[in-house]
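Structure file final.cif with mmCIF, C-alpha atoms (C1' of nucleotides):
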```
data_my_file
#
loop_
_atom_site.label_atom_id
_atom_site.label_comp_id
_atom_site.auth_asym_id
_atom_site.auth_seq_id
_atom_site.Cartn_x
_atom_site.Cartn_y
_atom_site.Cartn_z
CA MET A 1 133.70 92.28 95.46
CA GLU A 2 135.17 95.74 95.63
CA PHE A 3 135.05 97.76 92.44
CA THR A 4 136.56 101.22 92.69
CA PHE A 5 135.34 104.29 90.88
CA GLN A 6 138.60 104.35 88.99
CA GLN A 7 138.02 100.80 87.74
CA PHE A 8 134.48 101.76 86.84
CA LEU A 9 135.63 104.73 84.78
CA LYS A 10 138.23 102.66 82.98
CA GLU A 11 136.49 99.33 82.45
CA LYS A 12 132.78 100.10 82.38
CA ALA A 13 132.43 103.66 81.18
CA LYS A 14 135.52 103.32 78.98
CA VAL A 15 136.51 106.88 79.76
CA GLU A 16 139.43 108.18 77.73
CA PRO A 17 142.64 107.36 79.68
CA GLU A 18 143.80 110.97 79.68
CA SER A 19 140.51 112.07 81.29
CA ILE A 20 140.46 109.60 84.15
CA ALA A 21 142.86 111.46 86.40
CA LYS A 22 141.04 114.74 85.77
CA ILE A 23 137.73 113.19 86.71
CA LEU A 24 139.08 111.48 89.81
CA GLU A 25 140.40 114.82 91.08
CA LEU A 26 136.83 116.10 91.23
CA VAL A 27 135.28 113.47 93.48
CA GLN A 28 135.14 112.93 97.21
CA VAL A 29 135.07 109.58 98.96
CA LYS A 30 133.08 108.97 102.12
CA THR A 31 132.73 106.00 104.42
CA VAL A 32 129.66 105.22 106.47
CA LYS A 33 129.10 102.56 109.08
CA LYS A 34 126.30 100.03 109.03
CA GLY A 35 123.05 101.69 109.99
CA GLU A 36 124.16 105.23 109.20
CA ASN A 37 122.16 107.53 107.00
CA LEU A 38 123.16 109.25 103.76
CA LEU A 39 119.89 110.91 102.77
CA GLU A 40 116.66 111.53 104.60
CA ALA A 41 113.22 112.58 103.39
CA GLY A 42 112.68 116.33 103.30
CA LYS A 43 116.28 117.09 102.43
CA VAL A 44 117.54 117.72 98.93
CA CYS A 45 119.65 114.90 97.55
CA GLU A 46 122.97 116.62 96.90
CA TYR A 47 124.87 113.61 95.57
CA ILE A 48 124.63 110.63 93.34
CA TYR A 49 126.47 107.88 95.20
CA TYR A 50 128.71 105.31 93.60
CA VAL A 51 129.19 102.33 95.90
CA GLU A 52 132.79 101.13 95.91
CA GLU A 53 132.27 98.66 98.71
CA GLY A 54 129.34 97.76 100.93
CA LEU A 55 125.60 97.95 100.51
CA LEU A 56 123.07 100.79 100.57
CA ARG A 57 119.30 100.79 100.72
CA PHE A 58 117.00 103.34 99.11
CA PHE A 59 113.58 103.40 100.78
CA LEU A 60 110.57 105.42 101.86
CA PHE A 61 107.86 105.46 104.49
CA ASN A 62 104.19 105.59 103.61
CA GLU A 63 101.76 107.68 105.64
CA ASP A 64 101.23 104.78 108.07
CA GLY A 65 104.94 104.63 108.86
CA VAL A 66 105.49 101.41 106.93
CA GLU A 67 108.83 101.16 105.12
CA TYR A 68 109.12 100.30 101.43
CA THR A 69 112.49 99.45 99.97
CA VAL A 70 112.83 100.88 96.47
CA GLN A 71 116.31 99.66 95.64
CA PHE A 72 119.34 97.87 96.99
CA SER A 73 122.73 99.18 95.85
CA PRO A 74 125.70 96.83 96.24
CA GLU A 75 129.23 97.39 94.92
CA SER A 76 129.57 99.11 91.56
CA TRP A 77 125.99 100.43 91.61
CA PHE A 78 124.88 104.02 91.63
CA THR A 79 122.12 105.33 93.84
CA GLY A 80 120.53 108.57 94.90
CA ASP A 81 117.24 110.34 94.34
CA ARG A 82 117.93 111.21 90.73
CA ASN A 83 114.75 113.22 90.53
CA GLY A 84 115.25 115.34 93.60
CA PHE A 85 118.86 115.72 92.51
CA TYR A 86 117.93 116.77 88.99
CA PHE A 87 115.04 119.05 89.94
CA ASN A 88 116.76 120.28 93.10
CA GLN A 89 113.74 119.38 95.23
CA PRO A 90 113.37 117.81 98.68
CA SER A 91 113.43 114.05 98.49
CA HIS A 92 110.71 111.66 99.59
CA TYR A 93 113.32 108.96 100.11
CA HIS A 94 115.89 107.79 102.62
CA ILE A 95 119.24 106.12 102.00
CA ASP A 96 120.80 103.98 104.74
CA ALA A 97 123.88 101.79 104.86
CA ILE A 98 123.11 98.10 105.40
CA GLU A 99 126.81 97.31 105.71
CA ASP A 100 129.87 99.44 106.33
CA THR A 101 130.11 101.20 103.02
CA ARG A 102 132.55 103.32 101.04
CA VAL A 103 130.93 105.64 98.51
CA VAL A 104 132.10 108.16 95.94
CA LEU A 105 130.11 111.41 96.01
CA LEU A 106 129.09 112.89 92.68
CA THR A 107 127.77 116.45 92.82
CA ARG A 108 125.71 118.23 90.15
CA ASP A 109 128.79 120.28 89.42
CA PHE A 110 130.86 117.13 89.07
CA ILE A 111 128.49 115.57 86.56
CA GLN A 112 128.44 118.79 84.55
CA LYS A 113 132.22 118.91 84.43
CA ALA A 114 132.77 115.22 83.83
CA THR A 115 130.32 115.15 80.94
CA ASP A 116 132.17 118.12 79.47
CA ILE A 117 135.57 116.51 79.89
CA SER A 118 134.63 113.06 78.62
CA PRO A 119 132.17 112.04 75.90
CA ALA A 120 132.47 108.45 77.12
CA PHE A 121 131.36 109.53 80.58
CA ARG A 122 128.46 111.46 79.10
CA HIS A 123 127.33 108.43 77.13
CA TYR A 124 127.63 106.12 80.07
CA ASN A 125 125.69 108.50 82.24
CA GLU A 126 122.89 108.47 79.70
CA PHE A 127 123.11 104.69 79.49
CA LEU A 128 122.73 104.48 83.27
CA LEU A 129 119.56 106.51 83.19
CA GLN A 130 118.10 104.38 80.39
CA ASN A 131 119.01 101.28 82.30
CA HIS A 132 117.34 102.66 85.37
CA VAL A 133 114.16 103.14 83.34
CA ARG A 134 114.35 99.56 82.12
CA HIS A 135 114.70 98.36 85.68
CA LEU A 136 111.72 100.38 86.85
CA GLN A 137 109.53 99.14 84.00
CA LYS A 138 110.37 95.55 84.78
CA ARG A 139 109.47 96.15 88.38
CA ILE A 140 106.09 97.60 87.41
CA SER A 141 105.35 94.65 85.13
CA LEU A 142 106.14 92.24 87.95
CA LEU A 143 104.08 94.12 90.52
CA ILE A 144 101.09 94.22 88.19
CA SER A 145 101.21 90.71 86.88
CA ALA A 146 103.21 88.40 89.13
CA SER A 147 102.44 86.69 92.45
CA ALA A 148 104.57 87.13 95.55
CA GLU A 149 106.30 83.84 94.77
CA GLU A 150 107.16 84.85 91.21
CA ARG A 151 108.48 88.20 92.38
CA TYR A 152 110.63 86.48 94.99
CA LEU A 153 112.08 84.07 92.42
CA ASP A 154 112.87 86.96 90.12
CA PHE A 155 114.53 88.78 93.00
CA VAL A 156 116.71 85.81 93.86
CA ASN A 157 117.76 85.65 90.25
CA THR A 158 118.52 89.33 89.97
CA TYR A 159 120.27 89.75 93.32
CA PRO A 160 121.62 86.27 94.19
CA ASP A 161 123.75 87.43 97.10
CA MET A 162 121.24 89.82 98.63
CA LEU A 163 119.63 87.04 100.66
CA LEU A 164 122.86 86.72 102.60
CA ARG A 165 123.45 90.44 102.99
CA ALA A 166 120.07 92.00 103.75
CA PRO A 167 117.56 90.94 106.42
CA GLN A 168 114.47 89.22 105.16
CA TRP A 169 112.08 91.94 106.25
CA MET A 170 113.89 94.41 104.01
CA ILE A 171 113.58 92.05 101.07
CA ALA A 172 109.89 91.63 101.87
CA SER A 173 109.49 95.39 101.82
CA TYR A 174 111.17 95.44 98.40
CA LEU A 175 108.83 92.78 97.05
CA GLY A 176 105.76 94.55 98.37
CA ILE A 177 104.77 91.82 100.83
CA THR A 178 104.93 91.39 104.61
CA PRO A 179 107.84 89.61 106.31
CA GLN A 180 105.44 86.85 107.30
CA GLY A 181 104.30 86.57 103.72
CA LEU A 182 107.87 86.16 102.52
CA SER A 183 108.56 83.59 105.20
CA ARG A 184 105.66 81.52 103.93
CA VAL A 185 106.69 81.89 100.29
CA ARG A 186 110.13 80.59 101.20
CA ARG A 187 108.72 77.65 103.12
CA GLU A 188 106.43 76.67 100.26
CA LEU A 189 109.28 76.85 97.78
CA ALA A 190 111.44 74.72 100.06
CA GLU A 191 108.66 72.12 100.31
CA LYS A 192 108.21 72.05 96.54
CA ASN A 193 111.92 71.59 95.93
CA PHE A 194 112.08 68.85 98.54
CA LYS A 195 109.31 66.94 96.83
CA THR A 196 110.77 67.24 93.34
CA SER A 197 114.36 66.37 94.26
CA MET B 198 92.83 119.71 73.05
CA GLU B 199 95.14 119.61 70.09
CA PHE B 200 98.71 120.66 70.75
CA THR B 201 100.99 120.56 67.72
CA PHE B 202 104.65 119.66 67.77
CA GLN B 203 105.43 123.19 66.68
CA GLN B 204 103.58 124.60 69.69
CA PHE B 205 105.36 122.10 71.89
CA LEU B 206 108.78 123.19 70.62
CA LYS B 207 107.96 126.83 71.10
CA GLU B 208 105.99 126.89 74.34
CA LYS B 209 107.14 123.85 76.29
CA ALA B 210 110.66 123.11 75.17
CA LYS B 211 111.35 126.81 74.57
CA VAL B 212 113.44 125.99 71.55
CA GLU B 213 115.31 128.94 70.08
CA PRO B 214 113.01 130.55 67.45
CA GLU B 215 115.62 130.26 64.71
CA SER B 216 115.91 126.50 65.31
CA ILE B 217 112.23 125.64 65.19
CA ALA B 218 111.91 125.61 61.41
CA LYS B 219 115.08 123.53 61.09
CA ILE B 220 113.76 120.98 63.55
CA LEU B 221 110.31 120.81 61.97
CA GLU B 222 111.90 120.01 58.61
CA LEU B 223 113.28 116.81 60.07
CA VAL B 224 110.07 115.19 61.30
CA GLN B 225 107.32 113.17 59.69
CA VAL B 226 103.68 113.19 60.65
CA LYS B 227 101.51 110.10 60.55
CA THR B 228 97.84 109.47 61.19
CA VAL B 229 96.38 106.22 62.46
CA LYS B 230 92.79 105.18 62.89
CA LYS B 231 91.25 103.89 66.09
CA GLY B 232 92.40 100.34 66.70
CA GLU B 233 95.44 100.50 64.46
CA ASN B 234 98.88 99.48 65.64
CA LEU B 235 102.08 101.53 65.79
CA LEU B 236 104.45 99.06 67.46
CA GLU B 237 104.21 95.37 68.19
CA ALA B 238 106.28 93.11 70.42
CA GLY B 239 109.27 91.54 68.72
CA LYS B 240 109.90 94.53 66.49
CA VAL B 241 112.40 97.26 67.22
CA CYS B 242 110.80 100.55 68.20
CA GLU B 243 112.06 102.89 65.51
CA TYR B 244 110.31 106.04 66.69
CA ILE B 245 109.46 108.08 69.70
CA TYR B 246 105.93 109.31 69.07
CA TYR B 247 104.65 112.75 69.94
CA VAL B 248 100.84 112.76 70.06
CA GLU B 249 99.41 115.88 68.43
CA GLU B 250 95.83 114.70 68.64
CA GLY B 251 94.15 111.51 69.79
CA LEU B 252 95.09 108.82 72.29
CA LEU B 253 97.59 105.96 72.28
CA ARG B 254 98.03 103.00 74.58
CA PHE B 255 101.33 101.35 75.47
CA PHE B 256 100.82 97.78 76.71
CA LEU B 257 102.13 94.25 76.92
CA PHE B 258 100.89 90.67 77.18
CA ASN B 259 102.06 88.35 79.92
CA GLU B 260 102.75 84.67 79.21
CA ASP B 261 99.06 83.82 79.86
CA GLY B 262 97.94 86.24 77.17
CA VAL B 263 96.60 88.79 79.64
CA GLU B 264 97.06 92.44 78.64
CA TYR B 265 98.66 95.02 80.91
CA THR B 266 98.45 98.68 80.04
CA VAL B 267 101.68 100.46 80.89
CA GLN B 268 100.77 103.95 79.83
CA PHE B 269 98.11 106.07 78.18
CA SER B 270 99.35 108.87 75.93
CA PRO B 271 96.89 111.67 75.15
CA GLU B 272 97.64 114.92 73.32
CA SER B 273 101.03 116.52 73.94
CA TRP B 274 102.51 113.35 75.45
CA PHE B 275 105.43 111.34 74.15
CA THR B 276 105.43 107.58 73.99
CA GLY B 277 107.48 104.73 72.59
CA ASP B 278 109.67 101.98 74.00
CA ARG B 279 112.50 104.26 74.99
CA ASN B 280 114.61 101.32 75.99
CA GLY B 281 114.25 99.27 72.85
CA PHE B 282 114.70 102.52 70.95
CA TYR B 283 117.86 103.47 72.82
CA PHE B 284 119.42 100.01 72.88
CA ASN B 285 118.12 99.13 69.40
CA GLN B 286 116.52 95.92 70.67
CA PRO B 287 113.20 94.20 69.95
CA SER B 288 110.43 95.55 72.10
CA HIS B 289 108.30 93.63 74.57
CA TYR B 290 105.54 96.18 74.14
CA HIS B 291 102.70 97.11 71.82
CA ILE B 292 101.34 100.53 70.95
CA ASP B 293 97.76 100.85 69.68
CA ALA B 294 95.55 103.83 68.89
CA ILE B 295 92.50 104.11 71.14
CA GLU B 296 91.18 107.01 69.08
CA ASP B 297 91.98 108.33 65.60
CA THR B 298 95.38 109.82 66.27
CA ARG B 299 97.92 112.10 64.63
CA VAL B 300 101.50 111.57 65.72
CA VAL B 301 104.89 113.09 64.96
CA LEU B 302 107.61 110.49 64.37
CA LEU B 303 110.99 111.12 65.98
CA THR B 304 113.81 108.90 64.76
CA ARG B 305 117.14 108.27 66.50
CA ASP B 306 118.74 110.35 63.83
CA PHE B 307 116.27 113.16 64.45
CA ILE B 308 116.97 113.26 68.16
CA GLN B 309 120.69 113.31 67.48
CA LYS B 310 120.34 116.22 65.08
CA ALA B 311 117.81 118.16 67.12
CA THR B 312 119.93 117.96 70.26
CA ASP B 313 122.87 119.23 68.21
CA ILE B 314 120.89 122.10 66.73
CA SER B 315 119.18 123.22 69.92
CA PRO B 316 120.45 123.22 73.51
CA ALA B 317 116.89 123.90 74.64
CA PHE B 318 115.71 120.76 72.90
CA ARG B 319 118.51 118.75 74.47
CA HIS B 320 117.59 120.01 77.91
CA TYR B 321 113.93 119.33 77.42
CA ASN B 322 114.65 115.86 76.18
CA GLU B 323 116.62 115.16 79.32
CA PHE B 324 113.85 116.68 81.39
CA LEU B 325 111.34 114.33 79.74
CA LEU B 326 113.40 111.31 80.64
CA GLN B 327 113.74 112.46 84.25
CA ASN B 328 110.04 113.09 84.39
CA HIS B 329 109.39 109.65 83.03
CA VAL B 330 111.49 108.20 85.85
CA ARG B 331 109.50 110.18 88.38
CA HIS B 332 106.29 108.85 86.93
CA LEU B 333 107.52 105.25 87.05
CA GLN B 334 108.68 105.60 90.64
CA LYS B 335 105.33 106.94 91.70
CA ARG B 336 103.62 104.03 90.01
CA ILE B 337 105.83 101.54 91.85
CA SER B 338 105.12 103.21 95.19
CA LEU B 339 101.39 103.00 94.52
CA LEU B 340 101.51 99.38 93.40
CA ILE B 341 103.48 98.36 96.47
CA SER B 342 101.62 100.32 99.07
CA ALA B 343 98.13 101.31 97.90
CA SER B 344 94.87 99.42 97.56
CA ALA B 345 92.96 99.14 94.31
CA GLU B 346 90.67 101.92 95.46
CA GLU B 347 93.55 104.28 96.24
CA ARG B 348 95.20 103.54 92.90
CA TYR B 349 91.93 104.23 91.12
CA LEU B 350 91.46 107.56 92.91
CA ASP B 351 95.00 108.55 92.03
CA PHE B 352 94.35 107.58 88.40
CA VAL B 353 91.21 109.70 88.23
CA ASN B 354 93.22 112.60 89.56
CA THR B 355 96.09 112.17 87.17
CA TYR B 356 94.04 111.45 84.05
CA PRO B 357 90.65 113.09 84.67
CA ASP B 358 89.39 112.68 81.12
CA MET B 359 90.65 109.15 80.56
CA LEU B 360 87.47 107.65 82.05
CA LEU B 361 85.56 109.12 79.14
CA ARG B 362 88.07 108.15 76.48
CA ALA B 363 89.24 104.65 77.36
CA PRO B 364 87.10 101.58 78.14
CA GLN B 365 87.04 100.49 81.72
CA TRP B 366 88.80 97.18 81.15
CA MET B 367 91.84 99.07 79.82
CA ILE B 368 91.93 101.25 82.88
CA ALA B 369 91.65 98.14 85.04
CA SER B 370 94.63 96.65 83.23
CA TYR B 371 96.56 99.85 83.94
CA LEU B 372 95.72 99.68 87.63
CA GLY B 373 96.69 96.04 87.89
CA ILE B 374 93.21 94.79 88.74
CA THR B 375 90.48 92.89 86.88
CA PRO B 376 87.60 94.68 85.11
CA GLN B 377 85.26 93.15 87.68
CA GLY B 378 87.49 94.45 90.45
CA LEU B 379 87.36 97.96 89.04
CA SER B 380 83.60 97.78 88.65
CA ARG B 381 83.28 96.93 92.33
CA VAL B 382 85.68 99.68 93.40
CA ARG B 383 83.61 102.19 91.48
CA ARG B 384 80.37 100.95 92.99
CA GLU B 385 81.75 101.18 96.52
CA LEU B 386 83.01 104.71 95.92
CA ALA B 387 79.62 105.71 94.53
CA GLU B 388 77.90 104.30 97.62
CA LYS B 389 80.26 106.14 99.94
CA ASN B 390 79.73 109.44 98.14
CA PHE B 391 75.99 108.94 98.22
CA LYS B 392 76.01 108.45 101.97
CA THR B 393 78.19 111.48 102.71
CA SER B 394 76.40 113.93 100.42
"C1'" DC C 395 66.49 92.71 65.19
"C1'" DG C 396 70.39 90.05 66.74
"C1'" DC C 397 75.03 89.93 67.66
"C1'" DG C 398 79.25 91.19 70.12
"C1'" DT C 399 81.58 93.81 73.33
"C1'" DG C 400 81.77 95.94 77.65
"C1'" DA C 401 79.98 96.54 82.32
"C1'" DT C 402 77.87 94.65 86.34
"C1'" DT C 403 76.72 91.39 89.94
"C1'" DG C 404 76.85 87.16 92.95
"C1'" DA C 405 79.19 83.29 95.08
"C1'" DA C 406 83.13 80.72 95.93
"C1'" DA C 407 88.00 80.44 96.08
"C1'" DC C 408 92.49 82.24 96.78
"C1'" DC C 409 96.26 85.02 98.06
"C1'" DC C 410 98.05 87.64 101.25
"C1'" DT C 411 97.64 90.35 105.53
"C1'" DT C 412 96.94 90.97 110.35
"C1'" DC C 413 97.33 89.67 114.93
"C1'" DA C 414 99.27 86.93 118.29
"C1'" DA C 415 102.05 83.67 119.78
"C1'" DG C 416 106.48 81.13 119.69
"C1'" DT C 417 111.39 80.13 118.16
"C1'" DT C 418 115.74 81.32 116.50
"C1'" DT C 419 119.53 84.37 115.77
"C1'" DA C 420 122.66 88.11 116.64
"C1'" DG C 421 124.63 91.46 119.44
"C1'" DT C 422 126.15 93.27 124.12
"C1'" DG C 423 127.90 93.62 128.66
"C1'" DG C 424 129.51 91.13 132.43
"C1'" DC D 425 132.94 83.03 126.73
"C1'" DC D 426 128.61 82.88 128.59
"C1'" DA D 427 124.14 84.99 129.78
"C1'" DC D 428 120.90 88.09 128.59
"C1'" DT D 429 118.24 90.85 125.56
"C1'" DA D 430 116.40 92.59 121.48
"C1'" DA D 431 115.58 91.83 116.88
"C1'" DA D 432 114.50 88.81 113.25
"C1'" DC D 433 112.20 84.92 111.67
"C1'" DT D 434 108.58 81.42 111.83
"C1'" DT D 435 104.06 79.55 112.49
"C1'" DG D 436 98.97 79.31 113.20
"C1'" DA D 437 94.32 81.13 112.85
"C1'" DA D 438 91.19 84.51 111.39
"C1'" DG D 439 89.94 88.11 108.22
"C1'" DG D 440 90.05 91.22 104.13
"C1'" DG D 441 90.67 92.36 99.51
"C1'" DT D 442 90.75 90.73 95.01
"C1'" DT D 443 90.23 87.16 91.59
"C1'" DT D 444 87.78 83.70 89.17
"C1'" DC D 445 83.86 81.77 87.13
"C1'" DA D 446 79.41 82.27 85.57
"C1'" DA D 447 75.34 84.61 84.62
"C1'" DT D 448 73.00 88.83 83.47
"C1'" DC D 449 72.39 93.41 81.82
"C1'" DA D 450 73.32 97.48 78.62
"C1'" DC D 451 74.51 99.34 74.50
"C1'" DG D 452 76.05 100.28 69.67
"C1'" DC D 453 76.15 98.71 65.10
"C1'" DG D 454 75.65 95.86 61.00
#
```

structure tokens encoding of this file:
Amino acid sequence: MEFTFQQFLKEKAKVEPESIAKILELVQVKTVKKGENLLEAGKVCEYIYYVEEGLLRFFLFNEDGVEYTVQFSPESWFTGDRNGFYFNQPSHYHIDAIEDTRVVLLTRDFIQKATDISPAFRHYNEFLLQNHVRHLQKRISLLISASAEERYLDFVNTYPDMLLRAPQWMIASYLGITPQGLSRVRRELAEKNFKTS
Amino acid sequence: MEFTFQQFLKEKAKVEPESIAKILELVQVKTVKKGENLLEAGKVCEYIYYVEEGLLRFFLFNEDGVEYTVQFSPESWFTGDRNGFYFNQPSHYHIDAIEDTRVVLLTRDFIQKATDISPAFRHYNEFLLQNHVRHLQKRISLLISASAEERYLDFVNTYPDMLLRAPQWMIASYLGITPQGLSRVRRELAEKNFKTS
DNA sequence: CGCGTGATTGAAACCCTTCAAGTTTAGTGG
DNA sequence: CCACTAAACTTGAAGGGTTTCAATCACGCG
């Protein structure tokens, strides 16, 4: 489950071995308890977070006070308001811990230095951003064209363990439906599977 | 209306004057007539397109053959399947010309060279990607939380001239509603405005 | 003129929400 | 470890927004 930043640098980003120690010197680690907050709307997002262990949620409130979950970030994922971070502007988003979580904090300065030190890190950072775009585009396609049931099935496929780790109302808020709506979708799927099995 | 790639490099990207000629040497210009195709699903997107004049549409078909417009690209916008382009993979998307259009073709090789030649270009390229992310996030927020009417009003605000340039059914497919749905939204808004004026 | 495409309108159907209960589950203090 | 409470989940009924289907209207173009 756990996947440290060091492992990430070595195995995923394939950072040059001689650079790994240099990069690790530059980061801070922080632990937060379940329910604690890492970013709130109105503040500038000062870090990109790498999740070593635990689970974070990236979300926002609309003007009626209703929550919308934008992203779940389990182990080995990055999160943060990349836009507010990049443009140095107050964020519209919140980040909370759904479980006790250990994160690595990446500052603007860190990313500057790490991309200078390591071409592999620079490339992987670019890859991450491209991947993020791909993820967002898929989400838009689903929201435009798929029913609540289809979106739920896709979610289960993409995040198989999230059902066990996040409450259902958060998942509903990710899918863009109400908790009651999700409850019904699940019941209907259960009935279908019962009939066909 | 028209905004050439040269003007873009100079005024928007603020490319170093001595680099502009070098960069311009590396690009090709292409013209397409209304209705012609620049990219189709299944093929690898070989170019990022800069629109000097005209209007392009970036869209996809779902499995039922229904079209969904992902993005409109008028003058001075970039388009292309950045993901397929970056990962060198077949695209899921199509790009068609809605009007007679003149585009500048940017290859992978070009972007590599231009970012080497000009730090300003590299920065602006990164800025574009970040901006793209911002745009996608806003679209997701709207799709999750806003009604068809709210999405339409936001669209009119963002693309004021698109109503005159693109047929209504394309706009509907961008908003994630049916052409009939959009027609009704427009009628209801017209009735409201009539009452309050 | 006649054809095709796009826009509009009406009626019925459908998906999902809202509101208002209940039921279950999880956490807390005794 | 149990009892209590709050939060999460489920369920039903009614309602709203949007789609679907079908018909009609409007317009540009060969």

A:Asp81, A:Glu36, A:Glu25, A:Glu53: which is nearest chain B, counting only C-alpha atoms?
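When distances to chain B are compared using only C-alpha atoms, the smallest one comes from A:Asp81.
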
With all atoms listed in the file as the counted atoms, please give the residues lying no more than 12 Å from Ile171 in chain A, apart from itself and same-chain residues fewer than 3 positions off, as a count of residues only.
35

Compile the residues of chain D that lie within 12 Å of chain B, evaluated using all atoms listed in the file, and express the compilation as a PDB file with C-alpha atoms (C1' of nucleotides), in the frame of the given file.
```pdb
ATOM      1  C1'  DG D 440      90.050  91.220 104.130  1.00  0.00           C
ATOM      2  C1'  DG D 441      90.670  92.360  99.510  1.00  0.00           C
ATOM      3  C1'  DT D 442      90.750  90.730  95.010  1.00  0.00           C
ATOM      4  C1'  DT D 443      90.230  87.160  91.590  1.00  0.00           C
ATOM      5  C1'  DT D 444      87.780  83.700  89.170  1.00  0.00           C
ATOM      6  C1'  DC D 445      83.860  81.770  87.130  1.00  0.00           C
TER       7       DC D 445
END
```

What are the residues of chain C that have an atom within 9 Å of an atom of chain A, counting only C-alpha atoms (C1' of nucleotides), as number ranges by chain?
C: 409-411

Any chance you can output those residues with C-alpha atoms (C1' of nucleotides) as a JSON list (two decimals), in the coordinates of the input?
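Saved result, part_13.json, follows:
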```json
[["chain", "number", "residue", "atom", "x", "y", "z"],
["C", 409, "DC", "C1'", 96.26, 85.02, 98.06],
["C", 410, "DC", "C1'", 98.05, 87.64, 101.25],
["C", 411, "DT", "C1'", 97.64, 90.35, 105.53]]
```

Compute the set of chain A residues within 7 Å of chain B, using all atoms listed in the file, and express it as a ChimeraX atom specification.
/A:83,130,133-134,136,140,143-144,176

Which neighbours of DG436 in chain D fall inside 12 Å, counting only C-alpha atoms (C1' of nucleotides), when residues of the same chain fewer than 6 positions from it are skipped, and could you give them as a list in words?
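Result of the neighbour search: Gln180 and Arg184 of chain A; DC413, DA414, DA415 and DG416 of chain C.
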
Where does the PyMOL selection byres ((chain D and resi 428) around 9) land in this file, that is, which residues does it pick, as a ChimeraX atom specification?
/C:422-423 /D:427,429

Picked residues, the PyMOL selection byres ((chain C and resi 398-400) around 8), as a ChimeraX atom specification:
/B:364,366 /C:397,401

Å distance separating CA of Asp154 in chain A from CA of His332 in chain B, one decimal place:
23.1 Å

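Atom to atom, CA of Ser315 in chain B and CA of Ala210 in chain B stand 10.0 Å apart.
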
For CA of Met367 in chain B and CA of Tyr246 in chain B, determine how far apart the two atoms are, in Å to one decimal place.
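So the answer is 20.5 Å.
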
Tell me which residues come within 12 Å of (116.8, 112.2, 60.3), as a list in words, counting only C-alpha atoms (C1' of nucleotides) in the file's coordinates.
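Within 12 Å of (116.8, 112.2, 60.3), the protein and nucleic acid residues are Lys219, Ile220, Leu221, Glu222, Leu223, Val224, Gln225, Glu243, Tyr244, Leu302, Leu303, Thr304, Arg305, Asp306, Phe307, Ile308, Gln309, Lys310, Ala311 and Thr312 of chain B.
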
The PyMOL selection byres ((chain B and resi 293) around 6) - which residues does that actually catch in the file I just gave you? List them as number ranges by chain.
B: 233-235, 253-254, 292, 294

Report as a VMD selection string all protein, DNA and RNA residues lying within 10 Å of DA431 in chain D, evaluated on only C-alpha atoms (C1' of nucleotides), omitting residues in the same chain fewer than 4 positions from it.
chain C and resid 419 to 421

C-alpha atoms (C1' of nucleotides) of the current selection, written as a PDB file, keeping the file's coordinate frame:
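Final file, part_37.pdb:
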```pdb
ATOM      1  C1'  DT C 419     119.530  84.370 115.770  1.00  0.00           C
ATOM      2  C1'  DA C 420     122.660  88.110 116.640  1.00  0.00           C
ATOM      3  C1'  DG C 421     124.630  91.460 119.440  1.00  0.00           C
TER       4       DG C 421
END
```

Counting all atoms listed in the file, I want the residues whose atoms come within 6 Å of (114.6, 115.8, 100.0) in the file frame, returned as number ranges by chain.
A: 41-45, 90-92
